[in-house]
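Participant: Supplied in structure tokens, the structure appears directly below.
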Amino acid sequence: MKAPFAWDHYSDQPAIIKDKALKRSMRRSALPSLIKTFCVALLTLPVSAFIMPFIPRRHISGEHFFGMGVNLSYEPNTVPYLVDELGIKKLLIRIPLWEMDRLHEYVTFIRSFKDKEITVALLQDREHITSPDMSKDHFIQIFEALERVCHTYVIGSTINRAKWGFFSVNEYLNFYSVAYALKKERFPHLKLIGSNVIDFEYHFTAHTLFNLKPIRYDALGSLLYVDRRGAPENTQMGFDLIGKIRFLAALIRLSPKTSDELIITETNWPIKNTAPYAPTSETECVSEEDYSDYMVRYHLLAFASQQVSCVFWHQLIAPGYGLIDNREGIRKRPSFNAYKTMLFHLQDAEFIRYRTNNEGHLLVCSTPRGELHISWDPTSTPLYTYKAAS
């Protein structure tokens with residue numbers, strides 16, 4: 001990344017842009033796109049909210065639902081063994097486009113995982129956003145280098161935060177168009193995941209889904225964090241996690257620009273007393289025990305919605321928000337075993353029903369071991385029990 005943009009290696013995200021004059025100037029130049037975002041949202045979001053109750057559930061099984069983010073920067077030689085121990089089959093690996101000089105390292109890291117389904121997230125910087133030719137060249141290099149290893153790519157990340165380089169949805173649509181044109185011309189087998197708005201800011205998502213660009217997403221990605229609201233059952237503007245998912249699914253159904261597949265490409269909670277590694281302020285941070293419970297309950301709610309095809313947890317190793325803290329060796333947090341237990345029970349599960357009332361939540365699934373009942377309330381650890389098959 002080039003100044004005034006900079007990468008924060010503690011929290012693995014861009015640092016806040018300190019040049020306020022630049023941000024004001026860029027936002028003024030993006031005003032036509034921002035007006036378009038407002039108008040599109042004004043037209044589409046109310047309709048989406050209205051049709052939410054009528055959107056049928058999809059058929060989502062546990063087999064392909066669980067995914068985990070892993071990072072070249074954290075214990076690359078140890079990660080494959082930890083992935084096997086955890087039992088996860090789907091991985092998301094980031095490649096920052098400003099590190100193309102390290103592409104061979106990323107390819108070697110990706111190839112170190114055997115019998116895993118790999119999704120690669122291509123992270124942008126301002127240079128690639130403003131230089132389509134550079135983006136095209138680097139996309140081609142990556143697609144060719146990972147031929148037969150990976151065919152699924154997340155194009156861009158966190159498009160509604162200026163520190164990630166985008167100042168408007170129009171800029172993102174132009175960036176995505178470069179990758180989509182390559183798919184049409186040279187790489188028709190690729191699956192491209194687009195949109196990639198962070199948080200419950202669906203006015204930006206609406207603009208990525210309703211536009212006149214000759215593009216299409218093979219799946220819609222969302223960085224659906226709810227950490228600023230505390231527990232995953234908590235509401236924002238009247239929507240809990242399942243409500244947010246169903247709202248997004250309704251928006252997707254209205255759009256001609258995407259398939260019906262929704263993937264949560266990133267979510268987590270920051271952990272207390274880990275600054276400067278935590279990606280937020282201490283106010284949003286939670287204890288390791290709460291992190292573990294919230295993580296499991298987030299997955300259970302997303303699975304209960306039967307709208308999300310996969311949740312990629314962010315991520316396996318990270319001092320400020322991962323299942324493992326590597327500051328002083330490899331220390332598995334309680335969430336590591338909680339995730340492993342969740343996988344054991346749900347990786348071969350089929351949804352039957354879900355209900356919630358004043359007494360709590362109940363998710364019922366069929367498994368080869370019998371009918372699985374998972375119960376919890378907003379203050380408890382989920383309990384797994386089986387009813388023997390008759």
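Identifiers in this document derive from the order of the structure tokens: chains are assigned A, B, ..., residues are numbered from 1 separately in each chain, and ligands are numbered from 1 in order of occurrence.
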Would you please extract all helix (DSSP H, G or I) residues from stretch 225-268 of chain A, as assigned by DSSP on the backbone, and give them as a list in words?
Facilitator: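 Taking stretch 225-268 of chain A and keeping helix (DSSP H, G or I) gives Asp227, Arg228, Arg229, Leu241, Ile242, Gly243, Lys244, Ile245, Arg246, Phe247, Leu248, Ala249, Ala250, Leu251, Ile252, Arg253 and Leu254 of chain A.
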Participant: Would you save the residues from that selection as an mmCIF file, in the first residue's frame, using N, CA, C and O atoms?
Facilitator:
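So out36.cif came out as:
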data_model
loop_
_atom_site.group_PDB
_atom_site.id
_atom_site.type_symbol
_atom_site.label_atom_id
_atom_site.label_comp_id
_atom_site.auth_asym_id
_atom_site.auth_seq_id
_atom_site.Cartn_x
_atom_site.Cartn_y
_atom_site.Cartn_z
ATOM 1 N N ASP A 227 -20.716 -7.717 15.816
ATOM 2 C CA ASP A 227 -19.987 -7.602 17.079
ATOM 3 C C ASP A 227 -20.305 -6.317 17.837
ATOM 4 O O ASP A 227 -20.284 -6.301 19.075
ATOM 5 N N ARG A 228 -20.633 -5.242 17.135
ATOM 6 C CA ARG A 228 -20.915 -3.981 17.818
ATOM 7 C C ARG A 228 -22.246 -4.018 18.566
ATOM 8 O O ARG A 228 -22.543 -3.111 19.354
ATOM 9 N N ARG A 229 -23.044 -5.047 18.331
ATOM 10 C CA ARG A 229 -24.318 -5.216 19.039
ATOM 11 C C ARG A 229 -24.218 -6.222 20.175
ATOM 12 O O ARG A 229 -25.213 -6.517 20.821
ATOM 13 N N LEU A 241 -29.807 -11.273 13.907
ATOM 14 C CA LEU A 241 -28.956 -11.846 12.860
ATOM 15 C C LEU A 241 -29.775 -12.541 11.782
ATOM 16 O O LEU A 241 -29.547 -12.330 10.582
ATOM 17 N N ILE A 242 -30.747 -13.354 12.180
ATOM 18 C CA ILE A 242 -31.566 -14.044 11.177
ATOM 19 C C ILE A 242 -32.352 -13.039 10.355
ATOM 20 O O ILE A 242 -32.496 -13.182 9.130
ATOM 21 N N GLY A 243 -32.849 -11.994 10.988
ATOM 22 C CA GLY A 243 -33.565 -10.954 10.253
ATOM 23 C C GLY A 243 -32.679 -10.273 9.229
ATOM 24 O O GLY A 243 -33.106 -10.014 8.094
ATOM 25 N N LYS A 244 -31.432 -9.983 9.597
ATOM 26 C CA LYS A 244 -30.497 -9.359 8.654
ATOM 27 C C LYS A 244 -30.213 -10.285 7.478
ATOM 28 O O LYS A 244 -30.130 -9.841 6.325
ATOM 29 N N ILE A 245 -30.066 -11.570 7.772
ATOM 30 C CA ILE A 245 -29.803 -12.541 6.709
ATOM 31 C C ILE A 245 -30.993 -12.636 5.764
ATOM 32 O O ILE A 245 -30.836 -12.634 4.532
ATOM 33 N N ARG A 246 -32.191 -12.704 6.302
ATOM 34 C CA ARG A 246 -33.384 -12.818 5.457
ATOM 35 C C ARG A 246 -33.606 -11.547 4.634
ATOM 36 O O ARG A 246 -34.041 -11.624 3.482
ATOM 37 N N PHE A 247 -33.312 -10.402 5.228
ATOM 38 C CA PHE A 247 -33.415 -9.134 4.502
ATOM 39 C C PHE A 247 -32.457 -9.142 3.309
ATOM 40 O O PHE A 247 -32.826 -8.790 2.175
ATOM 41 N N LEU A 248 -31.237 -9.600 3.547
ATOM 42 C CA LEU A 248 -30.250 -9.663 2.473
ATOM 43 C C LEU A 248 -30.674 -10.684 1.414
ATOM 44 O O LEU A 248 -30.522 -10.440 0.206
ATOM 45 N N ALA A 249 -31.224 -11.823 1.852
ATOM 46 C CA ALA A 249 -31.682 -12.835 0.897
ATOM 47 C C ALA A 249 -32.802 -12.294 0.017
ATOM 48 O O ALA A 249 -32.871 -12.589 -1.180
ATOM 49 N N ALA A 250 -33.668 -11.475 0.599
ATOM 50 C CA ALA A 250 -34.749 -10.874 -0.185
ATOM 51 C C ALA A 250 -34.194 -9.897 -1.217
ATOM 52 O O ALA A 250 -34.648 -9.854 -2.367
ATOM 53 N N LEU A 251 -33.200 -9.120 -0.819
ATOM 54 C CA LEU A 251 -32.565 -8.178 -1.741
ATOM 55 C C LEU A 251 -31.910 -8.926 -2.900
ATOM 56 O O LEU A 251 -32.007 -8.514 -4.067
ATOM 57 N N ILE A 252 -31.276 -10.041 -2.587
ATOM 58 C CA ILE A 252 -30.644 -10.863 -3.620
ATOM 59 C C ILE A 252 -31.684 -11.396 -4.599
ATOM 60 O O ILE A 252 -31.467 -11.420 -5.816
ATOM 61 N N ARG A 253 -32.819 -11.853 -4.073
ATOM 62 C CA ARG A 253 -33.867 -12.416 -4.935
ATOM 63 C C ARG A 253 -34.394 -11.396 -5.933
ATOM 64 O O ARG A 253 -34.825 -11.751 -7.032
ATOM 65 N N LEU A 254 -34.364 -10.127 -5.568
ATOM 66 C CA LEU A 254 -34.870 -9.085 -6.453
ATOM 67 C C LEU A 254 -33.896 -8.733 -7.571
ATOM 68 O O LEU A 254 -34.281 -8.206 -8.608
#
Participant: Show me, as JSON lines, the residues of stretch 160-181 of chain A having an atom within 8 Å of stretch 23-28 of chain A, each with the closest atom pair and its distance in Å, using only C-alpha atoms.
Facilitator:
{"residue": "A:Ala162", "atom": "CA", "partner": "A:Lys23", "partner_atom": "CA", "distance": 7.7}
{"residue": "A:Phe167", "atom": "CA", "partner": "A:Arg27", "partner_atom": "CA", "distance": 6.2}
{"residue": "A:Ser168", "atom": "CA", "partner": "A:Arg27", "partner_atom": "CA", "distance": 7.8}
Participant: Excluding A:Ile17 and its own-chain neighbours fewer than 5 positions away, which residues fall within 7 Å of it when counting only C-alpha atoms? Please give them as a ChimeraX atom specification.
Facilitator: /A:4-5,163
Participant: Excluding same-chain residues fewer than 4 positions from A:Lys257, what lies within 10 Å of it counting only C-alpha atoms, as an mmCIF file with N, CA and C atoms, in the first residue's frame?
Facilitator:
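Listing of around_17.cif after writing:
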data_model
loop_
_atom_site.group_PDB
_atom_site.id
_atom_site.type_symbol
_atom_site.label_atom_id
_atom_site.label_comp_id
_atom_site.auth_asym_id
_atom_site.auth_seq_id
_atom_site.Cartn_x
_atom_site.Cartn_y
_atom_site.Cartn_z
ATOM 1 N N THR A 208 -24.684 -2.312 -5.366
ATOM 2 C CA THR A 208 -23.883 -3.324 -6.063
ATOM 3 C C THR A 208 -24.772 -4.318 -6.801
ATOM 4 N N LEU A 209 -26.031 -4.438 -6.395
ATOM 5 C CA LEU A 209 -26.951 -5.420 -6.989
ATOM 6 C C LEU A 209 -27.859 -4.832 -8.064
ATOM 7 N N PHE A 210 -27.990 -3.522 -8.091
ATOM 8 C CA PHE A 210 -28.876 -2.877 -9.067
ATOM 9 C C PHE A 210 -28.090 -1.760 -9.754
ATOM 10 N N ASN A 211 -27.580 -2.067 -10.936
ATOM 11 C CA ASN A 211 -26.754 -1.124 -11.694
ATOM 12 C C ASN A 211 -26.813 -1.521 -13.156
ATOM 13 N N LEU A 212 -26.246 -0.690 -14.000
ATOM 14 C CA LEU A 212 -26.289 -0.934 -15.446
ATOM 15 C C LEU A 212 -24.997 -1.528 -15.987
ATOM 16 N N LYS A 213 -24.093 -1.929 -15.114
ATOM 17 C CA LYS A 213 -22.847 -2.543 -15.555
ATOM 18 C C LYS A 213 -23.128 -3.946 -16.116
ATOM 19 N N PRO A 214 -22.413 -4.370 -17.155
ATOM 20 C CA PRO A 214 -22.591 -5.722 -17.715
ATOM 21 C C PRO A 214 -21.830 -6.751 -16.886
ATOM 22 N N ILE A 215 -22.253 -6.908 -15.633
ATOM 23 C CA ILE A 215 -21.576 -7.831 -14.714
ATOM 24 C C ILE A 215 -22.603 -8.736 -14.048
ATOM 25 N N ARG A 216 -22.084 -9.800 -13.434
ATOM 26 C CA ARG A 216 -22.928 -10.695 -12.654
ATOM 27 C C ARG A 216 -22.057 -11.372 -11.603
ATOM 28 N N TYR A 217 -22.641 -11.587 -10.426
ATOM 29 C CA TYR A 217 -21.947 -12.295 -9.361
ATOM 30 C C TYR A 217 -22.405 -13.750 -9.347
ATOM 31 N N ASP A 218 -21.442 -14.668 -9.237
ATOM 32 C CA ASP A 218 -21.804 -16.080 -9.109
ATOM 33 C C ASP A 218 -22.319 -16.394 -7.712
ATOM 34 N N ALA A 219 -21.977 -15.563 -6.766
ATOM 35 C CA ALA A 219 -22.535 -15.613 -5.413
ATOM 36 C C ALA A 219 -22.315 -14.239 -4.804
ATOM 37 N N LEU A 220 -23.164 -13.893 -3.836
ATOM 38 C CA LEU A 220 -23.007 -12.601 -3.170
ATOM 39 C C LEU A 220 -22.319 -12.817 -1.833
ATOM 40 N N ILE A 252 -31.276 -10.041 -2.587
ATOM 41 C CA ILE A 252 -30.644 -10.863 -3.620
ATOM 42 C C ILE A 252 -31.684 -11.396 -4.599
ATOM 43 N N ARG A 253 -32.819 -11.853 -4.073
ATOM 44 C CA ARG A 253 -33.867 -12.416 -4.935
ATOM 45 C C ARG A 253 -34.394 -11.396 -5.933
#
Participant: Hey, what's within 10 Å of A:Leu34 if we count only C-alpha atoms and toss same-chain stuff fewer than 4 positions away? As number ranges by chain, please?
Facilitator: A: 27-30, 38-40, 167-170, 203-204, 207
Participant: Save the residues we just selected, N, CA, C and O atoms, as a short mmCIF file (atom, residue, chain, number, x, y, z; two decimals), in the first residue's frame?
Facilitator:
data_model
loop_
_atom_site.label_atom_id
_atom_site.label_comp_id
_atom_site.auth_asym_id
_atom_site.auth_seq_id
_atom_site.Cartn_x
_atom_site.Cartn_y
_atom_site.Cartn_z
N ARG A 27 -14.62 12.09 -1.22
CA ARG A 27 -16.06 11.89 -1.07
C ARG A 27 -16.85 12.92 -1.89
O ARG A 27 -17.93 12.60 -2.40
N ARG A 28 -16.31 14.11 -2.02
CA ARG A 28 -16.97 15.09 -2.88
C ARG A 28 -16.95 14.62 -4.33
O ARG A 28 -17.94 14.74 -5.05
N SER A 29 -15.82 14.07 -4.74
CA SER A 29 -15.72 13.59 -6.12
C SER A 29 -16.61 12.37 -6.35
O SER A 29 -17.02 12.10 -7.49
N ALA A 30 -16.93 11.65 -5.29
CA ALA A 30 -17.79 10.46 -5.40
C ALA A 30 -19.26 10.78 -5.22
O ALA A 30 -20.09 9.86 -5.19
N PHE A 38 -28.02 6.20 -2.73
CA PHE A 38 -29.19 6.59 -1.96
C PHE A 38 -30.48 6.30 -2.72
O PHE A 38 -31.45 5.75 -2.16
N CYS A 39 -30.51 6.65 -3.99
CA CYS A 39 -31.73 6.46 -4.79
C CYS A 39 -32.07 4.98 -4.98
O CYS A 39 -33.23 4.57 -4.87
N VAL A 40 -31.03 4.18 -5.27
CA VAL A 40 -31.26 2.74 -5.45
C VAL A 40 -31.78 2.13 -4.15
O VAL A 40 -32.72 1.33 -4.16
N PHE A 167 -14.00 4.72 -2.54
CA PHE A 167 -14.74 5.89 -2.06
C PHE A 167 -16.17 5.92 -2.60
O PHE A 167 -16.93 6.83 -2.29
N SER A 168 -16.54 4.91 -3.41
CA SER A 168 -17.91 4.84 -3.92
C SER A 168 -18.17 3.44 -4.44
O SER A 168 -17.24 2.69 -4.76
N VAL A 169 -19.44 3.10 -4.56
CA VAL A 169 -19.81 1.82 -5.15
C VAL A 169 -19.42 1.78 -6.62
O VAL A 169 -19.02 0.72 -7.15
N ASN A 170 -19.53 2.91 -7.32
CA ASN A 170 -19.13 2.93 -8.73
C ASN A 170 -17.69 2.47 -8.91
O ASN A 170 -17.35 1.76 -9.86
N HIS A 203 -27.68 -0.38 2.04
CA HIS A 203 -27.84 0.60 0.97
C HIS A 203 -26.67 0.48 -0.02
O HIS A 203 -26.87 0.63 -1.23
N PHE A 204 -25.47 0.17 0.50
CA PHE A 204 -24.34 -0.08 -0.41
C PHE A 204 -24.54 -1.39 -1.17
O PHE A 204 -24.26 -1.47 -2.37
N HIS A 207 -26.85 -1.01 -4.16
CA HIS A 207 -26.24 -0.40 -5.34
C HIS A 207 -25.37 -1.40 -6.10
O HIS A 207 -25.32 -1.39 -7.34
#
Participant: Can you list, as an NGL selection string, every protein, DNA or RNA residue that comes within 10 Å of A:Val286 when you count only C-alpha atoms, leaving out same-chain residues fewer than 5 positions away?
Facilitator: :A and (227 or 230-231 or 269-273 or 291-292 or 294 or 321)
Participant: Skip A:Val120 itself and residues of its chain fewer than 6 positions away, then list as a list in words all residues within 8 Å of it, counting only C-alpha atoms.
Facilitator: Leu92, Ile93, Arg94, Ile95, Cys150, Thr152, Tyr153 and Val154 of chain A
Participant: What does the file look like for those residues with N, CA and C atoms, as a compact mmCIF listing (two decimals), in the first residue's frame?
Facilitator:
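Just written: selection.txt:
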# COMPACT_ATOMS: atom_id res chain seq x y z
N LEU A 92 -10.68 -20.09 3.48
CA LEU A 92 -10.58 -18.82 2.76
C LEU A 92 -9.21 -18.23 3.04
N ILE A 93 -8.49 -17.90 1.97
CA ILE A 93 -7.13 -17.38 2.09
C ILE A 93 -7.04 -16.06 1.34
N ARG A 94 -6.55 -15.04 2.01
CA ARG A 94 -6.42 -13.72 1.40
C ARG A 94 -5.12 -13.60 0.61
N ILE A 95 -5.19 -12.95 -0.54
CA ILE A 95 -3.99 -12.52 -1.27
C ILE A 95 -4.11 -11.01 -1.48
N CYS A 150 -7.58 -23.62 -7.28
CA CYS A 150 -8.69 -22.81 -6.78
C CYS A 150 -9.49 -22.28 -7.96
N THR A 152 -12.58 -20.46 -7.02
CA THR A 152 -13.52 -19.53 -6.39
C THR A 152 -12.76 -18.35 -5.81
N TYR A 153 -13.18 -17.14 -6.20
CA TYR A 153 -12.48 -15.93 -5.77
C TYR A 153 -13.46 -14.89 -5.25
N VAL A 154 -13.10 -14.29 -4.12
CA VAL A 154 -13.80 -13.11 -3.60
C VAL A 154 -13.10 -11.90 -4.20
Participant: Restricting the calculation to only C-alpha atoms: of A:Ala15, A:Ile118, A:Val226, A:Ala41, which residue gets closest to A:Glu284?
Facilitator: A:Val226
Participant: Pull the closest atom pair for each residue of stretch 46-104 of chain A that gets at most 12 Å from stretch 332-337 of chain A, along with the distance in Å to one decimal, counting only C-alpha atoms, ordering rows by chain and then ascending residue number, as JSON lines.
Facilitator:
{"residue": "A:Met68", "atom": "CA", "partner": "A:Phe336", "partner_atom": "CA", "distance": 11.5}
{"residue": "A:Leu82", "atom": "CA", "partner": "A:Phe336", "partner_atom": "CA", "distance": 9.9}
{"residue": "A:Val83", "atom": "CA", "partner": "A:Phe336", "partner_atom": "CA", "distance": 10.6}
{"residue": "A:Glu85", "atom": "CA", "partner": "A:Phe336", "partner_atom": "CA", "distance": 10.0}
{"residue": "A:Leu86", "atom": "CA", "partner": "A:Phe336", "partner_atom": "CA", "distance": 7.5}
{"residue": "A:Gly87", "atom": "CA", "partner": "A:Asn337", "partner_atom": "CA", "distance": 10.8}
{"residue": "A:Ile88", "atom": "CA", "partner": "A:Phe336", "partner_atom": "CA", "distance": 11.4}
Participant: Set out as a tab-separated table a contact list for stretch 239-355 of chain A and stretch 370-381 of chain A with a cut-off of 9 Å, giving each residue of stretch 239-355 of chain A that qualifies its closest atom pair and distance in Å to one decimal, counting only C-alpha atoms, ordered by chain and rising residue number.
Facilitator:
residue	atom	partner	partner_atom	distance
A:Asp290	CA	A:Thr381	CA	8.9
A:Ser292	CA	A:Thr381	CA	8.6
A:Asp293	CA	A:Thr381	CA	5.5
A:Tyr294	CA	A:Thr381	CA	8.6
A:Val296	CA	A:Thr381	CA	8.4
A:Arg297	CA	A:Trp376	CA	8.2
A:Leu300	CA	A:Ile374	CA	8.6
A:His345	CA	A:Leu372	CA	7.9
A:Leu346	CA	A:Leu372	CA	8.7
A:Ala349	CA	A:Leu372	CA	8.3
Participant: Next, write the just-selected residues to a file, as a CSV table (one decimal), in the first residue's frame, keeping C-alpha atoms as the atom set.
Facilitator:
chain,number,residue,atom,x,y,z
A,290,ASP,CA,-18.2,-15.1,25.4
A,292,SER,CA,-16.6,-19.0,22.0
A,293,ASP,CA,-20.4,-18.9,22.8
A,294,TYR,CA,-21.1,-16.1,20.4
A,296,VAL,CA,-21.2,-21.0,17.9
A,297,ARG,CA,-24.5,-19.2,18.3
A,300,LEU,CA,-26.4,-21.9,14.6
A,345,HIS,CA,-22.3,-32.4,15.5
A,346,LEU,CA,-23.3,-30.4,12.4
A,349,ALA,CA,-26.5,-32.4,9.6
Participant: Run DSSP on the backbone of this structure and report the residues of stretch 343-375 of chain A it assigns to strand (DSSP E or B), as a VMD selection string.
Facilitator: chain A and resid 350 to 357 360 to 367 370 to 375
Participant: Export, as a tab-separated table (two decimals), in the first residue's frame, the selected residues with N, CA, C and O atoms.
Facilitator:
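The new file part34.tsv reads:
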chain	number	residue	atom	x	y	z
A	350	GLU	N	-28.60	-32.19	8.52
A	350	GLU	CA	-29.61	-31.62	7.62
A	350	GLU	C	-30.64	-30.90	8.47
A	350	GLU	O	-31.11	-31.43	9.49
A	351	PHE	N	-31.00	-29.70	8.05
A	351	PHE	CA	-31.96	-28.89	8.81
A	351	PHE	C	-33.34	-29.53	8.83
A	351	PHE	O	-33.82	-30.03	7.81
A	352	ILE	N	-33.99	-29.52	10.00
A	352	ILE	CA	-35.39	-29.96	10.12
A	352	ILE	C	-36.27	-28.78	10.50
A	352	ILE	O	-37.20	-28.44	9.79
A	353	ARG	N	-35.94	-28.13	11.63
A	353	ARG	CA	-36.77	-26.98	12.04
A	353	ARG	C	-36.02	-26.13	13.05
A	353	ARG	O	-35.02	-26.55	13.64
A	354	TYR	N	-36.52	-24.92	13.22
A	354	TYR	CA	-35.97	-23.98	14.19
A	354	TYR	C	-37.11	-23.20	14.80
A	354	TYR	O	-38.06	-22.84	14.10
A	355	ARG	N	-37.02	-22.96	16.10
A	355	ARG	CA	-38.01	-22.11	16.74
A	355	ARG	C	-37.36	-21.31	17.85
A	355	ARG	O	-36.34	-21.70	18.42
A	356	THR	N	-37.93	-20.17	18.12
A	356	THR	CA	-37.47	-19.33	19.21
A	356	THR	C	-38.67	-18.75	19.94
A	356	THR	O	-39.69	-18.42	19.31
A	357	ASN	N	-38.57	-18.67	21.26
A	357	ASN	CA	-39.61	-18.05	22.09
A	357	ASN	C	-38.95	-17.51	23.35
A	357	ASN	O	-37.72	-17.42	23.43
A	360	GLY	N	-36.10	-19.53	24.88
A	360	GLY	CA	-34.81	-19.67	24.22
A	360	GLY	C	-34.94	-20.13	22.78
A	360	GLY	O	-35.99	-19.96	22.14
A	361	HIS	N	-33.90	-20.75	22.28
A	361	HIS	CA	-33.81	-21.16	20.88
A	361	HIS	C	-33.65	-22.68	20.80
A	361	HIS	O	-32.99	-23.29	21.65
A	362	LEU	N	-34.24	-23.26	19.76
A	362	LEU	CA	-34.10	-24.69	19.52
A	362	LEU	C	-33.91	-24.93	18.03
A	362	LEU	O	-34.74	-24.52	17.21
A	363	LEU	N	-32.80	-25.57	17.68
A	363	LEU	CA	-32.51	-25.96	16.31
A	363	LEU	C	-32.52	-27.49	16.26
A	363	LEU	O	-31.83	-28.14	17.05
A	364	VAL	N	-33.30	-28.05	15.34
A	364	VAL	CA	-33.41	-29.50	15.21
A	364	VAL	C	-32.90	-29.91	13.84
A	364	VAL	O	-33.30	-29.33	12.82
A	365	CYS	N	-32.01	-30.91	13.83
A	365	CYS	CA	-31.41	-31.39	12.58
A	365	CYS	C	-31.41	-32.92	12.57
A	365	CYS	O	-31.42	-33.56	13.63
A	366	SER	N	-31.37	-33.47	11.39
A	366	SER	CA	-31.17	-34.92	11.26
A	366	SER	C	-29.70	-35.18	11.02
A	366	SER	O	-29.03	-34.43	10.30
A	367	THR	N	-29.19	-36.25	11.63
A	367	THR	CA	-27.81	-36.67	11.44
A	367	THR	C	-27.77	-38.19	11.41
A	367	THR	O	-28.72	-38.85	11.83
A	370	GLY	N	-28.71	-39.76	14.74
A	370	GLY	CA	-30.04	-39.55	15.27
A	370	GLY	C	-30.46	-38.10	15.12
A	370	GLY	O	-29.75	-37.29	14.53
A	371	GLU	N	-31.62	-37.75	15.65
A	371	GLU	CA	-32.13	-36.38	15.56
A	371	GLU	C	-31.42	-35.51	16.58
A	371	GLU	O	-31.47	-35.78	17.78
A	372	LEU	N	-30.77	-34.47	16.09
A	372	LEU	CA	-29.98	-33.59	16.94
A	372	LEU	C	-30.81	-32.38	17.36
A	372	LEU	O	-31.37	-31.68	16.53
A	373	HIS	N	-30.86	-32.14	18.68
A	373	HIS	CA	-31.53	-30.96	19.24
A	373	HIS	C	-30.47	-30.06	19.87
A	373	HIS	O	-29.72	-30.51	20.74
A	374	ILE	N	-30.40	-28.81	19.41
A	374	ILE	CA	-29.45	-27.85	19.97
A	374	ILE	C	-30.25	-26.72	20.60
A	374	ILE	O	-31.04	-26.05	19.92
A	375	SER	N	-30.09	-26.52	21.89
A	375	SER	CA	-30.87	-25.51	22.61
A	375	SER	C	-29.93	-24.51	23.27
A	375	SER	O	-28.82	-24.85	23.70
Participant: Please indicate the distance in Å from atom CA of A:Thr258 to atom CA of A:Glu99, rounded to one decimal place.
Facilitator: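 Going from atom CA of A:Thr258 over to atom CA of A:Glu99 covers 29.6 Å.
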Participant: Using Å and a single decimal, report how far atom CA of A:Pro256 sits from atom CA of A:Arg126.
Facilitator: 28.7 Å
Participant: Under the rule that only C-alpha atoms are counted, which of A:Thr235, A:Ile51, A:Ser33, A:Phe143 is the nearest residue to A:Pro188?
Facilitator: A:Phe143
Participant: When you draw a straight line from atom CA of A:Lys184 to atom CA of A:Trp164, how long is it in Å?
Facilitator: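 Those two atoms sit 26.7 Å apart.
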